[in-house]
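To start, the structure under review is shown below, and the notes come after it.
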Amino acid sequence: MSEPNMPNDPVLRAAGQRSGRDSELVWRSSRHARRLLTLGLFGVFVATLARRPEFAGLAAPALLLLAAGRIQRRPPRISVRVRLTAQRAFEGELIGVDVAAEGQGDCDVRWTLHPAHEIAPVGPTAADGAQARFVFTPERWGKRPVGTVDLVVRDRWRLAEGHATVNVPRLDCYPAPGQQRTTVVLRRLPNRLGEHPARTSGEGVEFFGIREYVPGDRQRSINWAASTRRGRLQVNTFAAERSQDVVLIADATSDVGEPGSSALDLALRGTAAAARAYLGARDRVGVITYQWGSASWLPPGLGRRQVYRIIDSMLSSDSGWARGTNFSRLPRAALPPGSLVVAFSPLLDQRFVEALRDMRERGFTILVVDVLNAEPPARRRSEHRMARQIWRMEQQAIRFSLSQLGVPVVHWDGEESLDLPLAGHTRRPMVNQR
Amino acid sequence: MTADQGPQAPVTADAPAAAAGAPATASTAITMREAVALRVAVALLGAGSVVWAAAPLVHTALASWALALAIAGVAAGALRLAVSWVPLPEDNYLLPAPARAVLRFLQALRVVPWEEGALMAVVWLEVLHPSRPWHTAFLGAALIAYLLATHLAESDASPRALRPQAWLLAAGAALLALGAGAGMLPAAAPGAGSALLRLVAAGALIVAAGLVLPHGAPSGPPESAPRTPDS
């Protein structure tokens, strides 16, 4: 897995959400005060009942402490600032919550972090002082709430406690991208400047062939060895360099498998890795997130920021389903003709498989990365074993039918680099044929 | 974490804060050794108070009940402080039954006011003995120390936190001695003087209750509290 360092980019890393606001304090007696009250009242009661003044003396220190504690000033509200050290993070990255209070006077402040689901605190979750920092790590991708911070303000003698609760700003947690260095390149590339050597001569750096010299050719491109052999001047020609459109499809219908390495986790991680790899090769990359027959999409674009747009697009389509455009009627902007389509899917939704077939028949070059790493549970009964066997055969049939259509299917387990399953397709250009 | 919810491990977030370059936190927090010492002090002071109030043993049913209640209160209070570092998960329905039982026990340990029960039982044990004012004064001092140690232990605070109220504790000790001295005086004979004493005691009870019962914040913002434009 590559180093998740993108959100640490000084440009893209958020300065943090500042929310300094007044919080009303709800004051009540501390447990200490209640115990003192018990001792004081019971002592006076016994002194009266038993006519023994020494019990009034026993109650006196407690009552004196309580009475003196009443004259202390306690702030009715307090200004609290809660700030995340970053608004975006990858899974497993350490993030801090800075909390600071103002206006507490001479009272003591105690903070307690109550982390939300999938938020794992690193270190203690309680701290004393006017300001503190809690460190946590998001365990799974998503737009998730971090939790709340409880604030307890204690007066100087700790006889009363003021309570307030503050929400911590939400965190956008990106899936930790897989590793991919190589890219799949189409044989026929659009006539757009890029970094992939095309099968036509141009102004690139890769040797393409030699031809006879014509006036206007540069002298430095003359191939002297060939010229000597043929008796006429020959010049070297170089391959043109082009870019391609890549559309990544993340199948978000099925979230099967162990949490953290489920099909959806791997689909998002694989998509993020592919987006980084293709954008690094100056390709235009777009994404389509497929969900139950509908899709949300982001048109292909260039640049490093496109990685964040792609991941944001996938995360924003996480929370709902059956929304967005119909998958079979995607606009041309979402799926440009002649683009390379890389789909990350467990291939469990028959409609998605049909859509892939349809796209193939429309002439798109498709590569499917199978992210299914789970099977139905093994049971002892024969019908269960039979069902499991049938399920396996169905899966094999789906993959076989796709490969017969010219759609290669490679399997990725999420652990190894994506370069390994894609090796057979990255060594040579992929043929786009109808 | 409030005392009602049970204190956590007696450490602050300074360690990760320092690791992440956080601002320093000024506090009266204590080290692990001090936390253990405070818990041991609570147990010893509680046990000492019970022994002091119970000796010599009075063999009546009421005294036996009070002694049992005092022992149970002190022991449970000490146990509550000893296991205060154990976190209580909010969702426990997926846990196995033994773990859930342990969590319920811990919850009960933290919710029941054990120390209050122990206080009343100890004072009642003292009442059952014949008049020994100096004995009661010592018990009072021990009980106040027990309460302060319990408070420090459950809020993970250093004894330095008590420094601002030292003069008040000294005044309380003087009142305690005064009460013991008054108890050592010969009892007033039955009559108008005795009735007057009872009236004064009842009045003191009412005044004390009036002082401590409405224990809320005084109205109005403090002088030191800054106001923001939207407040």
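In the structure tokens, chains take letters A, B, ... by order of appearance, with residues numbered from 1 within each chain and ligands from 1 in the order shown.
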Show me, as a PDB file with N, CA and C atoms, in the first residue's frame, the residues that have an atom within 12 Å of Asp349 (chain A) when counting only C-alpha atoms, minus same-chain residues fewer than 5 positions from it.
```pdb
ATOM      1  N   ASP A 251     -17.834  -0.155  -8.611  1.00  0.00           N
ATOM      2  CA  ASP A 251     -19.113  -0.820  -8.346  1.00  0.00           C
ATOM      3  C   ASP A 251     -19.371  -0.797  -6.837  1.00  0.00           C
ATOM      4  N   ALA A 252     -20.327   0.033  -6.425  1.00  0.00           N
ATOM      5  CA  ALA A 252     -20.593   0.205  -4.990  1.00  0.00           C
ATOM      6  C   ALA A 252     -21.856  -0.513  -4.557  1.00  0.00           C
ATOM      7  N   THR A 253     -22.271  -1.502  -5.336  1.00  0.00           N
ATOM      8  CA  THR A 253     -23.519  -2.179  -4.966  1.00  0.00           C
ATOM      9  C   THR A 253     -23.309  -3.205  -3.862  1.00  0.00           C
ATOM     10  N   SER A 254     -22.212  -3.919  -3.892  1.00  0.00           N
ATOM     11  CA  SER A 254     -22.038  -5.039  -2.963  1.00  0.00           C
ATOM     12  C   SER A 254     -20.873  -4.756  -2.033  1.00  0.00           C
ATOM     13  N   ASP A 255     -21.157  -4.831  -0.749  1.00  0.00           N
ATOM     14  CA  ASP A 255     -20.107  -4.644   0.248  1.00  0.00           C
ATOM     15  C   ASP A 255     -19.941  -5.962   0.989  1.00  0.00           C
ATOM     16  N   TYR A 290     -21.138   3.277  -9.612  1.00  0.00           N
ATOM     17  CA  TYR A 290     -22.354   2.554  -9.958  1.00  0.00           C
ATOM     18  C   TYR A 290     -23.042   2.064  -8.689  1.00  0.00           C
ATOM     19  N   GLN A 291     -24.342   2.327  -8.597  1.00  0.00           N
ATOM     20  CA  GLN A 291     -25.105   1.866  -7.440  1.00  0.00           C
ATOM     21  C   GLN A 291     -26.491   1.465  -7.865  1.00  0.00           C
ATOM     22  N   TRP A 292     -26.778   0.198  -7.815  1.00  0.00           N
ATOM     23  CA  TRP A 292     -28.118  -0.325  -8.012  1.00  0.00           C
ATOM     24  C   TRP A 292     -28.805   0.265  -9.237  1.00  0.00           C
ATOM     25  N   GLY A 293     -28.149   0.179 -10.355  1.00  0.00           N
ATOM     26  CA  GLY A 293     -28.783   0.586 -11.596  1.00  0.00           C
ATOM     27  C   GLY A 293     -28.604   2.050 -11.927  1.00  0.00           C
ATOM     28  N   GLU A 354     -24.420  -6.782 -17.270  1.00  0.00           N
ATOM     29  CA  GLU A 354     -25.093  -6.484 -18.538  1.00  0.00           C
ATOM     30  C   GLU A 354     -24.651  -5.129 -19.086  1.00  0.00           C
ATOM     31  N   ALA A 355     -24.486  -4.170 -18.191  1.00  0.00           N
ATOM     32  CA  ALA A 355     -24.042  -2.841 -18.629  1.00  0.00           C
ATOM     33  C   ALA A 355     -22.636  -2.904 -19.216  1.00  0.00           C
ATOM     34  N   LEU A 356     -21.781  -3.743 -18.625  1.00  0.00           N
ATOM     35  CA  LEU A 356     -20.428  -3.901 -19.165  1.00  0.00           C
ATOM     36  C   LEU A 356     -20.485  -4.506 -20.571  1.00  0.00           C
ATOM     37  N   LEU A 372     -13.679  -9.389  -5.692  1.00  0.00           N
ATOM     38  CA  LEU A 372     -14.424 -10.293  -4.810  1.00  0.00           C
ATOM     39  C   LEU A 372     -13.441 -11.243  -4.126  1.00  0.00           C
ATOM     40  N   GLU A 394     -21.556 -20.126 -11.298  1.00  0.00           N
ATOM     41  CA  GLU A 394     -22.145 -18.914 -11.876  1.00  0.00           C
ATOM     42  C   GLU A 394     -21.105 -17.810 -11.996  1.00  0.00           C
ATOM     43  N   GLN A 395     -20.311 -17.671 -10.962  1.00  0.00           N
ATOM     44  CA  GLN A 395     -19.270 -16.634 -11.009  1.00  0.00           C
ATOM     45  C   GLN A 395     -18.272 -16.914 -12.132  1.00  0.00           C
ATOM     46  N   ILE A 398     -19.849 -16.023 -15.441  1.00  0.00           N
ATOM     47  CA  ILE A 398     -19.871 -14.564 -15.694  1.00  0.00           C
ATOM     48  C   ILE A 398     -18.512 -14.110 -16.207  1.00  0.00           C
TER      49      ILE A 398
END
```
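The space separating CA of Ala53 (chain B) from CA of Ala170 (chain B) comes to 23.0 Å.
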* Excluding Ser339 (chain A) and any residue of its chain fewer than 3 positions from it, enumerate the residues within 8 Å of it, using only C-alpha atoms, and give them as JSON, numbers by chain. => {"A": [244, 245, 246, 247, 335, 336, 364, 365]}
Discussion item. Applying 9 Å and only C-alpha atoms, which residues near Ala72 (chain B) remain after dropping the ones on its own chain fewer than 6 positions away? List them as a ChimeraX atom specification.
Written reply: /B:114,117-118
Contacts of Trp124 (chain B) at 10 Å (only C-alpha atoms; same-chain gap of 6+ positions) as a compact mmCIF listing (two decimals) with N, CA, C and O atoms, in the first residue's frame:
```
# COMPACT_ATOMS: atom_id res chain seq x y z
N PHE A 42 -26.15 15.14 58.36
CA PHE A 42 -26.33 14.02 59.28
C PHE A 42 -25.69 14.33 60.64
O PHE A 42 -26.23 13.97 61.69
N GLY A 43 -24.56 15.03 60.62
CA GLY A 43 -23.92 15.40 61.89
C GLY A 43 -24.80 16.34 62.70
O GLY A 43 -24.99 16.15 63.91
N VAL A 46 -27.79 14.40 64.07
CA VAL A 46 -27.44 13.56 65.22
C VAL A 46 -27.19 14.44 66.46
O VAL A 46 -27.60 14.10 67.58
N ALA B 53 -14.70 4.17 64.91
CA ALA B 53 -16.08 4.37 65.35
C ALA B 53 -16.67 3.12 65.98
O ALA B 53 -17.54 3.20 66.85
N ALA B 54 -16.19 1.96 65.57
CA ALA B 54 -16.80 0.71 66.04
C ALA B 54 -16.23 0.25 67.37
O ALA B 54 -16.88 -0.52 68.09
N LEU B 62 -28.77 -3.03 65.82
CA LEU B 62 -28.57 -1.78 65.07
C LEU B 62 -27.09 -1.51 64.82
O LEU B 62 -26.69 -1.11 63.71
N ALA B 63 -26.28 -1.75 65.84
CA ALA B 63 -24.84 -1.53 65.70
C ALA B 63 -24.24 -2.49 64.67
O ALA B 63 -23.37 -2.12 63.88
N ALA B 66 -25.18 -1.25 61.28
CA ALA B 66 -24.39 -0.05 60.93
C ALA B 66 -22.96 -0.43 60.59
O ALA B 66 -22.37 0.12 59.64
N LEU B 67 -22.40 -1.37 61.36
CA LEU B 67 -21.02 -1.80 61.09
C LEU B 67 -20.92 -2.47 59.70
O LEU B 67 -20.00 -2.19 58.91
N ALA B 70 -21.19 0.15 57.06
CA ALA B 70 -19.97 0.96 56.97
C ALA B 70 -18.87 0.20 56.24
O ALA B 70 -18.18 0.76 55.37
N ALA B 118 -21.56 4.91 53.81
CA ALA B 118 -20.53 4.61 54.81
C ALA B 118 -20.43 5.73 55.84
O ALA B 118 -20.29 5.46 57.05
```
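Picture a line from CA of Arg158 (chain A) to CA of Gly77 (chain B); it runs 19.2 Å.
When only C-alpha atoms are used to compute distances to Arg154 (chain A), the closest of the residues B:Ala161, B:Leu147, B:Leu57, B:Ala75 turns out to be B:Ala161.
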Show me, as a compact mmCIF listing (two decimals) with N, CA and C atoms, in the first residue's frame, the residues that have an atom within 10 Å of Ala275 (chain A) when counting only C-alpha atoms, minus same-chain residues fewer than 2 positions from it.
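This went into result09.txt:
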```
# COMPACT_ATOMS: atom_id res chain seq x y z
N PRO A 177 -5.22 4.41 -0.69
CA PRO A 177 -5.13 3.87 -2.05
C PRO A 177 -4.18 2.70 -2.14
N GLN A 180 -0.14 1.26 -7.46
CA GLN A 180 -0.10 1.00 -8.90
C GLN A 180 0.89 1.97 -9.54
N VAL A 246 -9.36 7.91 -19.58
CA VAL A 246 -9.58 6.72 -18.76
C VAL A 246 -10.80 6.96 -17.89
N VAL A 247 -11.74 6.06 -17.94
CA VAL A 247 -12.92 6.15 -17.07
C VAL A 247 -12.87 4.98 -16.10
N LEU A 248 -12.83 5.31 -14.83
CA LEU A 248 -12.79 4.28 -13.79
C LEU A 248 -14.22 4.07 -13.29
N ARG A 269 -10.35 1.59 -3.02
CA ARG A 269 -8.88 1.71 -2.95
C ARG A 269 -8.26 1.52 -4.33
N GLY A 270 -8.78 0.55 -5.07
CA GLY A 270 -8.25 0.33 -6.41
C GLY A 270 -8.51 1.51 -7.32
N THR A 271 -9.71 2.09 -7.21
CA THR A 271 -10.03 3.24 -8.04
C THR A 271 -9.11 4.42 -7.71
N ALA A 272 -8.88 4.62 -6.42
CA ALA A 272 -7.99 5.72 -6.02
C ALA A 272 -6.57 5.49 -6.54
N ALA A 273 -6.12 4.23 -6.46
CA ALA A 273 -4.76 3.93 -6.94
C ALA A 273 -4.67 4.13 -8.44
N ALA A 277 -2.33 6.73 -10.63
CA ALA A 277 -1.37 6.25 -11.63
C ALA A 277 -1.63 6.91 -12.98
N TYR A 278 -2.90 6.95 -13.42
CA TYR A 278 -3.18 7.49 -14.75
C TYR A 278 -3.02 9.01 -14.79
N LEU A 279 -3.39 9.67 -13.70
CA LEU A 279 -3.19 11.12 -13.68
C LEU A 279 -1.70 11.45 -13.63
N GLY A 280 -0.91 10.56 -13.01
CA GLY A 280 0.53 10.74 -13.01
C GLY A 280 1.11 10.61 -14.40
N ALA A 281 0.43 9.84 -15.27
CA ALA A 281 0.88 9.69 -16.65
C ALA A 281 0.22 10.72 -17.57
N ASP A 283 -2.85 11.42 -18.14
CA ASP A 283 -4.08 11.04 -18.82
C ASP A 283 -5.25 11.80 -18.20
N ARG A 284 -6.33 11.88 -18.98
CA ARG A 284 -7.55 12.46 -18.41
C ARG A 284 -8.34 11.32 -17.76
N VAL A 285 -8.67 11.51 -16.50
CA VAL A 285 -9.31 10.42 -15.75
C VAL A 285 -10.65 10.91 -15.20
N GLY A 286 -11.66 10.10 -15.39
CA GLY A 286 -12.98 10.36 -14.80
C GLY A 286 -13.43 9.16 -14.01
N VAL A 287 -14.52 9.30 -13.31
CA VAL A 287 -14.98 8.18 -12.48
C VAL A 287 -16.50 8.08 -12.59
N ARG A 304 -3.56 17.02 -10.50
CA ARG A 304 -3.50 16.32 -9.23
C ARG A 304 -4.78 16.48 -8.42
N GLN A 306 -7.63 16.37 -9.46
CA GLN A 306 -8.66 15.46 -9.94
C GLN A 306 -8.74 14.20 -9.05
N VAL A 307 -7.61 13.82 -8.44
CA VAL A 307 -7.64 12.67 -7.53
C VAL A 307 -8.62 12.93 -6.40
N TYR A 308 -8.56 14.12 -5.84
CA TYR A 308 -9.45 14.46 -4.73
C TYR A 308 -10.89 14.58 -5.19
N ILE A 310 -12.18 12.93 -7.60
CA ILE A 310 -12.65 11.56 -7.83
C ILE A 310 -13.02 10.90 -6.51
N ILE A 311 -12.15 11.03 -5.51
CA ILE A 311 -12.45 10.36 -4.23
C ILE A 311 -13.65 11.03 -3.57
```
* To do: Would you kindly return, as a VMD selection string, each protein, DNA or RNA residue with an atom no farther than 7 Å from any atom of region 132-145 of chain A, considering only C-alpha atoms and excluding same-chain residues fewer than 5 positions away?
  => (chain A and resid 91 to 100 116 118 to 123 125 127 169 to 175 260 315) or (chain B and resid 13 16 to 17 22 to 23 25)
Deliver the residues from the most recent selection as a file, using N, CA, C and O atoms, as a tab-separated table (two decimals), in the first residue's frame.
```tsv
chain	number	residue	atom	x	y	z
A	91	GLU	N	-7.33	6.62	5.59
A	91	GLU	CA	-7.54	5.62	6.64
A	91	GLU	C	-6.21	5.38	7.36
A	91	GLU	O	-5.17	5.23	6.72
A	92	GLY	N	-6.27	5.35	8.68
A	92	GLY	CA	-5.08	5.05	9.46
A	92	GLY	C	-4.17	6.23	9.72
A	92	GLY	O	-3.18	6.09	10.44
A	93	GLU	N	-4.48	7.38	9.16
A	93	GLU	CA	-3.63	8.54	9.39
A	93	GLU	C	-3.95	9.16	10.75
A	93	GLU	O	-5.09	9.13	11.21
A	94	LEU	N	-2.93	9.71	11.41
A	94	LEU	CA	-3.13	10.32	12.72
A	94	LEU	C	-3.63	11.75	12.55
A	94	LEU	O	-3.03	12.54	11.82
A	95	ILE	N	-4.71	12.06	13.22
A	95	ILE	CA	-5.31	13.38	13.16
A	95	ILE	C	-5.46	13.88	14.60
A	95	ILE	O	-5.70	13.08	15.52
A	96	GLY	N	-5.33	15.16	14.79
A	96	GLY	CA	-5.47	15.72	16.13
A	96	GLY	C	-6.71	16.59	16.23
A	96	GLY	O	-7.15	17.19	15.26
A	97	VAL	N	-7.28	16.62	17.43
A	97	VAL	CA	-8.37	17.55	17.74
A	97	VAL	C	-7.82	18.52	18.78
A	97	VAL	O	-7.47	18.11	19.88
A	98	ASP	N	-7.73	19.78	18.40
A	98	ASP	CA	-7.29	20.79	19.35
A	98	ASP	C	-8.51	21.42	20.00
A	98	ASP	O	-9.41	21.88	19.30
A	99	VAL	N	-8.53	21.43	21.31
A	99	VAL	CA	-9.63	22.06	22.04
A	99	VAL	C	-9.04	23.13	22.94
A	99	VAL	O	-7.96	22.96	23.51
A	100	ALA	N	-9.74	24.22	23.03
A	100	ALA	CA	-9.28	25.31	23.88
A	100	ALA	C	-10.49	26.02	24.46
A	100	ALA	O	-11.52	26.15	23.79
A	116	ALA	N	-16.60	8.78	17.88
A	116	ALA	CA	-17.73	8.16	17.19
A	116	ALA	C	-17.31	6.80	16.63
A	116	ALA	O	-16.17	6.36	16.82
A	118	GLU	N	-16.00	3.94	14.32
A	118	GLU	CA	-14.89	3.84	13.38
A	118	GLU	C	-13.82	4.92	13.61
A	118	GLU	O	-13.02	5.20	12.72
A	119	ILE	N	-13.87	5.56	14.75
A	119	ILE	CA	-12.83	6.53	15.11
A	119	ILE	C	-12.09	5.94	16.32
A	119	ILE	O	-12.70	5.72	17.36
A	120	ALA	N	-10.81	5.68	16.14
A	120	ALA	CA	-10.04	5.03	17.21
A	120	ALA	C	-9.11	6.06	17.86
A	120	ALA	O	-8.24	6.60	17.18
A	121	PRO	N	-9.32	6.34	19.14
A	121	PRO	CA	-8.41	7.28	19.79
A	121	PRO	C	-7.02	6.68	19.96
A	121	PRO	O	-6.88	5.48	20.18
A	122	VAL	N	-6.02	7.52	19.84
A	122	VAL	CA	-4.64	7.09	20.06
A	122	VAL	C	-4.17	7.81	21.32
A	122	VAL	O	-4.02	9.02	21.32
A	123	GLY	N	-4.00	7.07	22.38
A	123	GLY	CA	-3.62	7.69	23.65
A	123	GLY	C	-4.84	7.98	24.49
A	123	GLY	O	-5.97	7.57	24.16
A	125	THR	N	-8.06	9.63	26.41
A	125	THR	CA	-9.19	10.39	25.89
A	125	THR	C	-9.64	11.45	26.89
A	125	THR	O	-10.71	12.03	26.73
A	127	ALA	N	-8.19	14.86	29.34
A	127	ALA	CA	-7.07	15.77	29.56
A	127	ALA	C	-7.52	16.94	30.42
A	127	ALA	O	-8.70	17.30	30.41
A	169	PRO	N	-15.85	18.82	14.53
A	169	PRO	CA	-16.18	18.89	13.09
A	169	PRO	C	-16.02	17.54	12.39
A	169	PRO	O	-15.22	16.71	12.81
A	170	ARG	N	-16.77	17.40	11.32
A	170	ARG	CA	-16.76	16.14	10.57
A	170	ARG	C	-15.46	16.00	9.79
A	170	ARG	O	-14.82	16.98	9.42
A	171	LEU	N	-15.07	14.76	9.58
A	171	LEU	CA	-13.82	14.47	8.88
A	171	LEU	C	-14.12	13.69	7.60
A	171	LEU	O	-14.94	12.77	7.61
A	172	ASP	N	-13.48	14.09	6.52
A	172	ASP	CA	-13.58	13.32	5.27
A	172	ASP	C	-12.43	12.34	5.24
A	172	ASP	O	-11.26	12.74	5.11
A	173	CYS	N	-12.75	11.08	5.39
A	173	CYS	CA	-11.70	10.06	5.42
A	173	CYS	C	-11.65	9.36	4.07
A	173	CYS	O	-12.63	8.77	3.63
A	174	TYR	N	-10.50	9.43	3.44
A	174	TYR	CA	-10.33	8.83	2.12
A	174	TYR	C	-9.86	7.38	2.28
A	174	TYR	O	-9.12	7.07	3.21
A	175	PRO	N	-10.26	6.53	1.35
A	175	PRO	CA	-9.73	5.17	1.39
A	175	PRO	C	-8.23	5.17	1.11
A	175	PRO	O	-7.78	5.90	0.20
A	260	GLY	N	-13.23	-3.59	6.17
A	260	GLY	CA	-11.85	-3.13	6.02
A	260	GLY	C	-11.20	-3.71	4.79
A	260	GLY	O	-10.27	-3.12	4.24
A	315	LEU	N	-17.05	9.24	-2.39
A	315	LEU	CA	-17.53	9.29	-1.00
A	315	LEU	C	-18.92	9.90	-0.92
A	315	LEU	O	-19.75	9.47	-0.13
B	13	ALA	N	-3.79	13.86	28.52
B	13	ALA	CA	-3.47	13.68	27.09
B	13	ALA	C	-2.17	14.35	26.73
B	13	ALA	O	-1.92	14.63	25.58
B	16	PRO	N	0.34	12.20	23.95
B	16	PRO	CA	0.12	12.35	22.51
B	16	PRO	C	0.17	13.81	22.10
B	16	PRO	O	0.54	14.13	20.98
B	17	ALA	N	-0.22	14.68	23.01
B	17	ALA	CA	-0.18	16.10	22.67
B	17	ALA	C	1.25	16.53	22.42
B	17	ALA	O	1.53	17.24	21.45
B	22	ALA	N	1.42	19.60	20.53
B	22	ALA	CA	0.27	20.30	21.08
B	22	ALA	C	0.70	21.34	22.09
B	22	ALA	O	1.78	21.27	22.63
B	23	PRO	N	-0.18	22.29	22.34
B	23	PRO	CA	0.12	23.24	23.39
B	23	PRO	C	0.17	22.55	24.73
B	23	PRO	O	-0.54	21.57	24.97
B	25	THR	N	-0.50	21.66	28.53
B	25	THR	CA	-1.69	21.74	29.34
B	25	THR	C	-1.28	21.92	30.79
B	25	THR	O	-0.61	21.07	31.36
```
Counting only C-alpha atoms, closest pick from B:Trp52, B:Trp65, B:Trp134, B:Phe105 relative to chain A is B:Trp134
